[in-house]
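Text of query-v4.txt, listed as compact mmCIF, C-alpha atoms:
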# COMPACT_ATOMS: atom_id res chain seq x y z
CA MET A 86 93.75 82.99 40.19
CA PRO A 87 96.44 83.70 42.83
CA ALA A 88 98.84 86.52 41.94
CA ALA A 89 101.89 84.26 42.34
CA GLN A 90 100.83 82.28 39.25
CA ASN A 91 101.05 85.47 37.17
CA LEU A 92 104.63 86.28 38.17
CA LYS A 93 107.23 86.48 35.43
CA LYS A 94 109.67 83.57 35.73
CA VAL A 95 113.39 83.87 35.06
CA VAL A 96 115.52 80.76 34.69
CA ILE A 97 118.84 80.84 36.54
CA ARG A 98 121.01 77.89 35.60
CA THR A 99 122.79 76.82 38.79
CA LYS A 100 125.76 74.52 39.22
CA MET A 101 126.00 72.93 42.65
CA ASP A 102 128.88 71.54 44.68
CA LYS A 103 128.32 68.20 46.40
CA GLY A 104 126.00 68.73 49.36
CA ALA A 105 124.57 72.02 48.05
CA GLU A 106 120.85 72.55 47.51
CA LEU A 107 118.98 74.73 45.04
CA PRO A 108 117.29 77.81 46.54
CA VAL A 109 113.61 77.18 47.34
CA TYR A 110 110.66 79.51 47.86
CA ALA A 111 109.04 78.70 51.23
CA SER A 112 105.56 79.73 50.01
CA LYS A 113 103.83 80.44 46.70
CA GLY A 114 103.82 84.17 47.42
CA ALA A 115 107.42 84.44 48.65
CA SER A 116 109.66 87.05 47.01
CA GLY A 117 112.85 85.46 48.30
CA ALA A 118 114.11 81.92 47.85
CA ASP A 119 115.87 80.43 50.87
CA VAL A 120 119.54 79.57 50.38
CA ARG A 121 121.36 77.07 52.60
CA ALA A 122 124.82 76.73 54.09
CA ALA A 123 126.92 74.19 52.17
CA ILE A 124 129.32 73.25 54.92
CA GLU A 125 130.61 69.87 56.07
CA GLY A 126 130.51 70.53 59.81
CA GLU A 127 129.16 73.11 62.20
CA LEU A 128 130.52 76.68 62.17
CA THR A 129 130.32 78.72 65.36
CA MET A 130 130.13 82.49 65.07
CA GLN A 131 131.16 84.41 68.17
CA PRO A 132 129.36 87.65 69.13
CA GLY A 133 130.40 90.41 66.73
CA GLN A 134 132.05 87.96 64.33
CA TYR A 135 131.30 87.94 60.62
CA LEU A 136 132.23 85.42 57.97
CA ALA A 137 131.50 84.36 54.40
CA VAL A 138 129.41 81.19 54.50
CA PRO A 139 129.62 78.99 51.39
CA THR A 140 126.43 77.91 49.61
CA GLY A 141 128.02 75.66 46.98
CA LEU A 142 126.05 77.51 44.27
CA TYR A 143 127.36 78.97 41.00
CA MET A 144 124.75 80.86 38.99
CA ASP A 145 124.36 81.84 35.37
CA ILE A 146 122.22 84.95 35.88
CA PRO A 147 120.66 86.29 32.67
CA GLU A 148 121.85 89.69 31.46
CA GLY A 149 119.52 92.43 32.69
CA TYR A 150 119.05 90.79 36.10
CA GLU A 151 120.80 90.58 39.45
CA VAL A 152 120.34 88.34 42.45
CA GLN A 153 120.04 90.17 45.76
CA VAL A 154 121.15 88.41 48.95
CA ARG A 155 118.93 89.41 51.86
CA PRO A 156 118.59 88.41 55.52
CA ARG A 157 116.04 85.95 56.80
CA SER A 158 113.83 87.87 59.22
CA GLY A 159 113.44 84.99 61.68
CA LEU A 160 117.20 84.51 61.95
CA ALA A 161 117.64 88.23 62.57
CA LEU A 162 114.85 88.51 65.15
CA LYS A 163 115.41 85.26 67.04
CA GLU A 164 119.21 84.98 66.85
CA GLY A 165 120.57 88.46 66.05
CA VAL A 166 122.25 87.09 62.90
CA THR A 167 121.90 88.93 59.61
CA VAL A 168 123.52 89.54 56.23
CA LEU A 169 126.25 92.14 56.69
CA ASN A 170 126.17 93.77 53.24
CA THR A 171 122.44 93.73 52.78
CA PRO A 172 121.26 93.58 50.19
CA GLY A 173 124.28 91.91 48.66
CA THR A 174 124.34 92.01 44.88
CA VAL A 175 125.33 89.13 42.62
CA ASP A 176 125.96 90.60 39.16
CA HIS A 177 124.90 88.72 36.05
CA ASP A 178 128.51 88.22 34.93
CA TYR A 179 129.83 86.78 38.24
CA ARG A 180 130.53 83.06 38.00
CA GLY A 181 132.19 82.28 41.35
CA GLU A 182 130.60 80.57 44.31
CA LEU A 183 127.83 82.46 46.07
CA LYS A 184 128.90 83.09 49.65
CA VAL A 185 126.74 84.87 52.21
CA ILE A 186 128.43 87.33 54.58
CA LEU A 187 126.73 86.77 57.93
CA ILE A 188 127.33 88.74 61.13
CA ASN A 189 126.38 87.78 64.66
CA PHE A 190 125.02 90.90 66.37
CA SER A 191 123.88 88.93 69.42
CA ASN A 192 125.74 88.53 72.71
CA LYS A 193 125.99 84.74 72.44
CA PRO A 194 127.69 82.31 70.04
CA PHE A 195 125.62 81.20 67.05
CA VAL A 196 126.05 77.79 65.42
CA ILE A 197 125.55 77.39 61.67
CA THR A 198 124.75 73.80 60.78
CA PRO A 199 125.08 72.07 57.40
CA GLY A 200 122.02 72.80 55.25
CA MET A 201 120.77 75.62 57.52
CA ARG A 202 118.75 78.32 55.75
CA ILE A 203 121.01 81.37 56.10
CA ALA A 204 119.64 83.99 53.69
CA GLN A 205 117.17 84.55 50.90
CA LEU A 206 117.73 85.40 47.26
CA VAL A 207 115.59 87.90 45.37
CA VAL A 208 115.89 88.15 41.59
CA ALA A 209 115.52 91.71 40.29
CA PRO A 210 115.75 93.50 36.94
CA VAL A 211 118.65 95.90 36.51
CA LEU A 212 118.79 99.28 34.82
CA GLN A 213 122.11 100.93 34.06
CA ALA A 214 122.31 104.71 33.99
CA GLU A 215 124.37 106.89 31.74
CA PHE A 216 126.11 109.37 34.05
CA GLU A 217 126.76 112.77 32.52
CA GLU A 218 128.92 115.48 34.01
CA ALA A 219 127.04 118.71 34.78
CA ASP A 220 127.96 122.10 36.20
CA ALA A 221 124.95 122.00 38.57
CA VAL A 222 121.96 119.88 39.56
CA SER A 223 118.37 121.10 39.68
CA ALA A 224 117.04 122.75 42.84
CA THR A 225 114.32 121.16 45.01
CA ALA A 226 112.52 122.18 48.21
CA ARG A 227 114.53 119.58 50.12
CA GLY A 228 117.84 120.64 48.66
CA ALA A 229 120.90 119.08 50.33
CA ASN A 230 119.11 118.20 53.59
CA GLY A 231 119.61 114.50 54.33
CA PHE A 232 120.35 111.98 57.10
CA GLY A 233 117.15 112.39 59.11
CA SER A 234 116.25 115.87 57.89
CA THR A 235 112.64 114.84 57.30
CA GLY A 236 112.23 113.71 60.89
CA LEU A 237 112.19 110.39 62.71
CA ASN A 238 108.41 109.90 62.96

Here is the file; what I need is its structure written in the form of structure tokens.
Amino acid sequence: MPAAQNLKKVVIRTKMDKGAELPVYASKGASGADVRAAIEGELTMQPGQYLAVPTGLYMDIPEGYEVQVRPRSGLALKEGVTVLNTPGTVDHDYRGELKVILINFSNKPFVITPGMRIAQLVVAPVLQAEFEEADAVSATARGANGFGSTGLN
């Protein structure tokens, strides 16, 4: 039996504006569901420009889960367009419209068309930590070395 049939399913009730479409998994094994631009006409992004693209979706995410907004790899590779705050987090208690912050890193204008697949959504469980104040943290061999301290290769 394919592994995708054994995946745990979470129901996310989703209200949609006129013209919006539910997110869809492009394959049985996909982790992310494609989300589309819910716009009436074309939007042109100039090089270096970023904007919040409406999806027309409003989600009722179950407590204990989040929805992560991630780039579509083909859009990034072929067009230089990606999600600016990746991964974006949609908290379970947010009830506003899902908008995707896209940025055009290319050197040419990029046109977003109505219904274009602009990002993918990944549903993930959430753990909340209890942060406690401490006088010190434990020592490790790595210590405070960060930002490339383990090498680039």

Report task. Pick out the residues sitting within 10 Å of Gln153 in chain A, and hand them over as a list in words; count all atoms listed in the file, and ignore anything fewer than 2 positions along from it in its own chain. Result -> Gly117, Tyr150, Glu151, Arg155, Thr171, Pro172, Gly173, Thr174, Val175, Asp176, Gln205, Leu206, Val207, Val208 and Ala209 of chain A

Requested in this report: Could you check how far CA of Ser191 in chain A sits from CA of Pro132 in chain A, in Å to one decimal?
Outcome: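 CA of Pro132 in chain A lies 5.6 Å from CA of Ser191 in chain A.
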
Requested in this report: Using all atoms listed in the file, find the one residue out of A:Glu106, A:Gly133, A:Gly126, A:Val95 that sits nearest to Val152 in chain A.
Outcome: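 Looking only at the distances to Val152 in chain A, the closest residue turns out to be A:Val95.
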
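Distances from A:Met130, A:Leu142, A:Val222, A:Ala204 to Asn192 in chain A were compared using only C-alpha atoms, and the smallest one belongs to A:Met130.
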
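Atom pair CA of Pro139 in chain A / CA of Thr198 in chain A: separated by 11.8 Å.
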
Query raised in the report: Which neighbours of range 177-184 of chain A fall inside 9 Å, counting all atoms listed in the file, when residues of the same chain fewer than 3 positions from it are skipped, and could you give them as JSON, numbers by chain?
Result: {"A": [122, 137, 138, 139, 140, 141, 142, 143, 144, 145, 146, 147, 148, 149, 150, 151, 152]}

Requested in this report: Go through A:Asn238, A:Leu187, A:Val109, A:Met201 one by one, measure the shortest atom-to-atom distance of each to Leu136 in chain A using all atoms listed in the file, and give the residue with the smallest value.
Outcome: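 Nearest to Leu136 in chain A: A:Leu187.
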
Quick one: axis-aligned box around all listed atoms of range 202-209 of chain A, 6 Å on every side, centre and edge lengths in Å to one decimal, written as JSON.
{"center_x": 118.3, "center_y": 85.0, "center_z": 48.2, "size_x": 17.5, "size_y": 25.4, "size_z": 27.8}

Report summary line: Counting all atoms listed in the file, the residue among A:Ile186, A:Ala115, A:Val154, A:Ile197 that lies closest to Leu128 in chain A is A:Ile197

Query raised in the report: For Arg157 in chain A, which residue out of A:Ile124, A:Leu237, A:Ile203, A:Ile188 is the nearest one, using all atoms listed in the file?
Result: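 So, comparing all the options, the nearest one is A:Ile203.
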
**Report entry** Separation of CA of Arg121 in chain A from CA of Lys103 in chain A, in Å and rounded to one decimal
**Finding:**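 Separation between CA of Arg121 in chain A and CA of Lys103 in chain A: 12.9 Å.
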
Query raised in the report: Near Phe190 in chain A, counting all atoms listed in the file, which residues have an atom at most 12 Å away, once you skip same-chain residues fewer than 6 positions from it, shown as a PyMOL selection string?
Result: chain A and resi 130-135+160-169
